[in-house]
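Q: There's a structure below that I have some questions on.
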Amino acid sequence: MPVLRGRIESETPRVPPELWPQGRIRCGEAVLFPNLVAYAKWSSVSVYSPDRHLLRLQELTPTLLADNLMTQVTFARAALQHDPSSRWVSVNANQLPPSGSSIFHPHLQGSINPVPTTLQRLLADAGPARLREYVELERQNGERMIASTGRVDWLAAFAPVGPAELRAFVADAASPEELDEAALAELADGLSVALRLYAALGFQSFNFALSAAPATAPSLLVLRLVGRAYFGPLLRSDAMWSERLHWEAAIDLAPERVAERARELFA
């Protein structure tokens, strides 16, 4: 596969200078730039590395994951400083076409918006006490509890929304931009292990969403991870992170435009 470093420099857009004067955010090998297909007021894409066009699940190392997550955290902090009204932050991923990805190159997507997604609103309505109670009940039950690594608790979902859904709960963080380097490293370590599990289970593709609610709501950050269909002759791509993990439909055709075209035909 050809490297993409030159194409990133020449073909991707740049973050507005009022957010990030350098134009693109870098950490380690990871590079972040605006998403041309924006799903929020502030929408970003960050590749793990311009030089790594193919990354199998077991090749997503803690370092690659932590660095890419850090580009998203940095972008979120810059966006919030410039636009405090866009309080609802999430970091998301579609890995390979079965997860709804439109490009092969592995990447993360940041979404920063003045209004919550359905999932973010539900997390805010639940409140931190209820989320902590859920984690504690799973810990006591033990059947679905996987590990506690310090600030992060990992468990298998009681009612999965996709194959082999895993959930991670990060203590003392109400939104991704609040994660420091130590918390990101711990989360990336666990995520790397979880993706190796998916590889062992035969998955090649996944969605994840790292999300919560702003500071006055849950002080417990939630990561949800689901495996997706096999990548091959029976490939299907039925939903991306927005539909699967935020319960939000992603469309590129305005209903008013649909009505306009339909009126022409009905006439």
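In the structure tokens, chains take letters A, B, ... by order of appearance, with residues numbered from 1 within each chain and ligands from 1 in the order shown.
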Using only C-alpha atoms, which residues of region 104-124 of chain A come within 12 Å of region 40-47 of chain A, and what is the closest atom pair for each, with the distance in Å to one decimal? Give it as JSON lines, sorted by chain and residue number.

A:
{"residue": "A:Phe104", "atom": "CA", "partner": "A:Val47", "partner_atom": "CA", "distance": 11.0}
{"residue": "A:His105", "atom": "CA", "partner": "A:Val47", "partner_atom": "CA", "distance": 7.5}
{"residue": "A:Pro106", "atom": "CA", "partner": "A:Val47", "partner_atom": "CA", "distance": 6.2}
{"residue": "A:His107", "atom": "CA", "partner": "A:Val47", "partner_atom": "CA", "distance": 4.3}
{"residue": "A:Leu108", "atom": "CA", "partner": "A:Ser46", "partner_atom": "CA", "distance": 5.2}
{"residue": "A:Gln109", "atom": "CA", "partner": "A:Val45", "partner_atom": "CA", "distance": 4.6}
{"residue": "A:Gly110", "atom": "CA", "partner": "A:Ser44", "partner_atom": "CA", "distance": 4.8}
{"residue": "A:Ser111", "atom": "CA", "partner": "A:Ser43", "partner_atom": "CA", "distance": 4.9}
{"residue": "A:Ile112", "atom": "CA", "partner": "A:Trp42", "partner_atom": "CA", "distance": 5.0}
{"residue": "A:Asn113", "atom": "CA", "partner": "A:Lys41", "partner_atom": "CA", "distance": 5.2}
{"residue": "A:Pro114", "atom": "CA", "partner": "A:Lys41", "partner_atom": "CA", "distance": 7.5}
{"residue": "A:Val115", "atom": "CA", "partner": "A:Ala40", "partner_atom": "CA", "distance": 9.1}
{"residue": "A:Pro116", "atom": "CA", "partner": "A:Ala40", "partner_atom": "CA", "distance": 10.0}
{"residue": "A:Thr117", "atom": "CA", "partner": "A:Ala40", "partner_atom": "CA", "distance": 9.9}

Q: As a PyMOL selection string, please: every residue in region 32-243 of chain A that a backbone DSSP assignment puts in alpha helix (DSSP H).

A: chain A and resi 62-82+118-141+181-200+241-243

Q: Check the smallest atom-to-atom distance from each of A:Leu220, A:Val193, A:Leu60, A:Leu36 to Leu166 (chain A) using only C-alpha atoms, then report the winner.

A: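 Of all the options, A:Val193 lies closest to Leu166 (chain A).
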
Q: Need to verify the contact set: region 30-35 of chain A, 12 Å, only C-alpha atoms, exclusion of same-chain residues closer than 2 positions in sequence. Can you return it as JSON, numbers by chain?

A: {"A": [4, 5, 8, 9, 10, 11, 12, 13, 14, 15, 16, 17, 19, 20, 22, 23, 24, 25, 26, 27, 28, 37, 38, 39, 40, 41, 42, 43, 44, 45, 46, 47, 48, 49, 50, 51, 52, 63, 64, 65, 66, 67, 68, 69, 70, 71, 72, 73, 74, 75, 76, 79, 106, 107, 108, 109, 110, 111, 112]}

Q: Taking into account only C-alpha atoms, which residue in the set A:Arg87, A:Glu177, A:Thr149, A:Ala124 is nearest to Asp189 (chain A)?

A: A:Thr149

Q: How many Å lie between CA of Gly142 (chain A) and CA of Phe203 (chain A), rounded to one decimal?

A: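 The value is 25.0 Å.
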
Q: Which residues are near Asp172 (chain A)? Cut-off 12 Å, only C-alpha atoms, ignore same chain within fewer than 2 positions. Put them as a list in words.

A: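 Within the cut-off, the hits are Pro128, Arg132, Gly150, Arg151, Val152, Phe169, Val170, Ala174, Ser175, Pro176, Glu177, Glu178, Leu179, Asp180, Ala183, Ala212, Ala215, Ala217, Pro218, Ser219, Leu220, Leu221 and Val222 of chain A.
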
Q: I need the chosen residues saved as a compact mmCIF listing (two decimals), in the first residue's frame, with C-alpha atoms.

A:
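For reference, part.txt as written:
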# COMPACT_ATOMS: atom_id res chain seq x y z
CA PRO A 128 -23.63 9.51 37.85
CA ARG A 132 -21.98 3.83 39.43
CA GLY A 150 -7.44 1.62 38.26
CA ARG A 151 -9.76 4.35 36.99
CA VAL A 152 -11.33 2.11 34.35
CA PHE A 169 -16.38 3.22 32.63
CA VAL A 170 -13.75 5.85 33.40
CA ALA A 174 -17.48 13.82 32.60
CA SER A 175 -16.29 14.30 29.01
CA PRO A 176 -13.39 13.08 26.83
CA GLU A 177 -11.50 16.40 26.97
CA GLU A 178 -11.10 15.91 30.75
CA LEU A 179 -8.86 12.85 30.29
CA ASP A 180 -5.20 13.40 31.12
CA ALA A 183 -6.10 8.16 32.01
CA ALA A 212 -20.74 11.10 28.46
CA ALA A 215 -19.54 18.60 33.75
CA ALA A 217 -23.97 15.46 34.58
CA PRO A 218 -22.23 12.06 34.91
CA SER A 219 -18.68 12.18 36.25
CA LEU A 220 -18.27 8.78 34.67
CA LEU A 221 -17.10 8.48 31.06
CA VAL A 222 -18.53 5.59 29.07

Q: Just the residues within 9 Å of region 195-200 of chain A, please, counting only C-alpha atoms, with nothing from its chain fewer than 6 positions along; format it as a list in words.

A: Arg56, Leu57, Gln58, Glu59, Leu60, Ala164, Phe206, Val226 and Gly227 of chain A

Q: Take the residues that were just selected and, keeping N, CA and C atoms, output them as a CSV table (one decimal), in the first residue's frame.

A:
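Once written, part_4.csv looks like this:
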chain,number,residue,atom,x,y,z
A,56,ARG,N,-4.5,-4.2,11.5
A,56,ARG,CA,-5.4,-5.3,12.0
A,56,ARG,C,-5.7,-5.0,13.5
A,57,LEU,N,-6.7,-5.6,14.0
A,57,LEU,CA,-7.1,-5.3,15.4
A,57,LEU,C,-6.0,-5.5,16.4
A,58,GLN,N,-5.2,-6.6,16.2
A,58,GLN,CA,-4.1,-6.9,17.1
A,58,GLN,C,-2.9,-6.0,16.9
A,59,GLU,N,-3.0,-5.2,15.9
A,59,GLU,CA,-1.9,-4.2,15.6
A,59,GLU,C,-2.2,-2.8,16.2
A,60,LEU,N,-3.4,-2.6,16.7
A,60,LEU,CA,-3.7,-1.4,17.3
A,60,LEU,C,-3.1,-1.4,18.7
A,164,ALA,N,-20.7,-9.1,20.9
A,164,ALA,CA,-19.7,-9.0,21.9
A,164,ALA,C,-19.5,-7.6,22.4
A,206,PHE,N,-15.0,-3.1,13.9
A,206,PHE,CA,-15.7,-2.7,15.1
A,206,PHE,C,-16.2,-1.3,15.0
A,226,VAL,N,-18.4,-2.5,20.0
A,226,VAL,CA,-19.1,-3.7,19.5
A,226,VAL,C,-18.3,-4.2,18.3
A,227,GLY,N,-18.3,-5.5,18.1
A,227,GLY,CA,-17.7,-6.2,17.0
A,227,GLY,C,-18.7,-6.1,15.8

Q: So the first atom is CA of Ala171 (chain A) and the second is CA of Arg139 (chain A); what is the distance between them in Å, to one decimal place?

A: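 For CA of Ala171 (chain A) relative to CA of Arg139 (chain A), the distance reads 14.8 Å.
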
Q: Residues within 6 Å of Asp153 (chain A), please, as an MDAnalysis selection string. Count only C-alpha atoms; anything in the same chain fewer than 4 positions from it doesn't count.

A: chainID A and resid 147:148 168:169

Q: Taking the chain letters and numbering used in this document, name the residues of region 106-219 of chain A that DSSP puts in strand (DSSP E), as a count of residues only.

A: 28

Q: So what do you get for CA of Pro84 (chain A) versus CA of Arg130 (chain A), distance-wise?

A: 27.1 Å
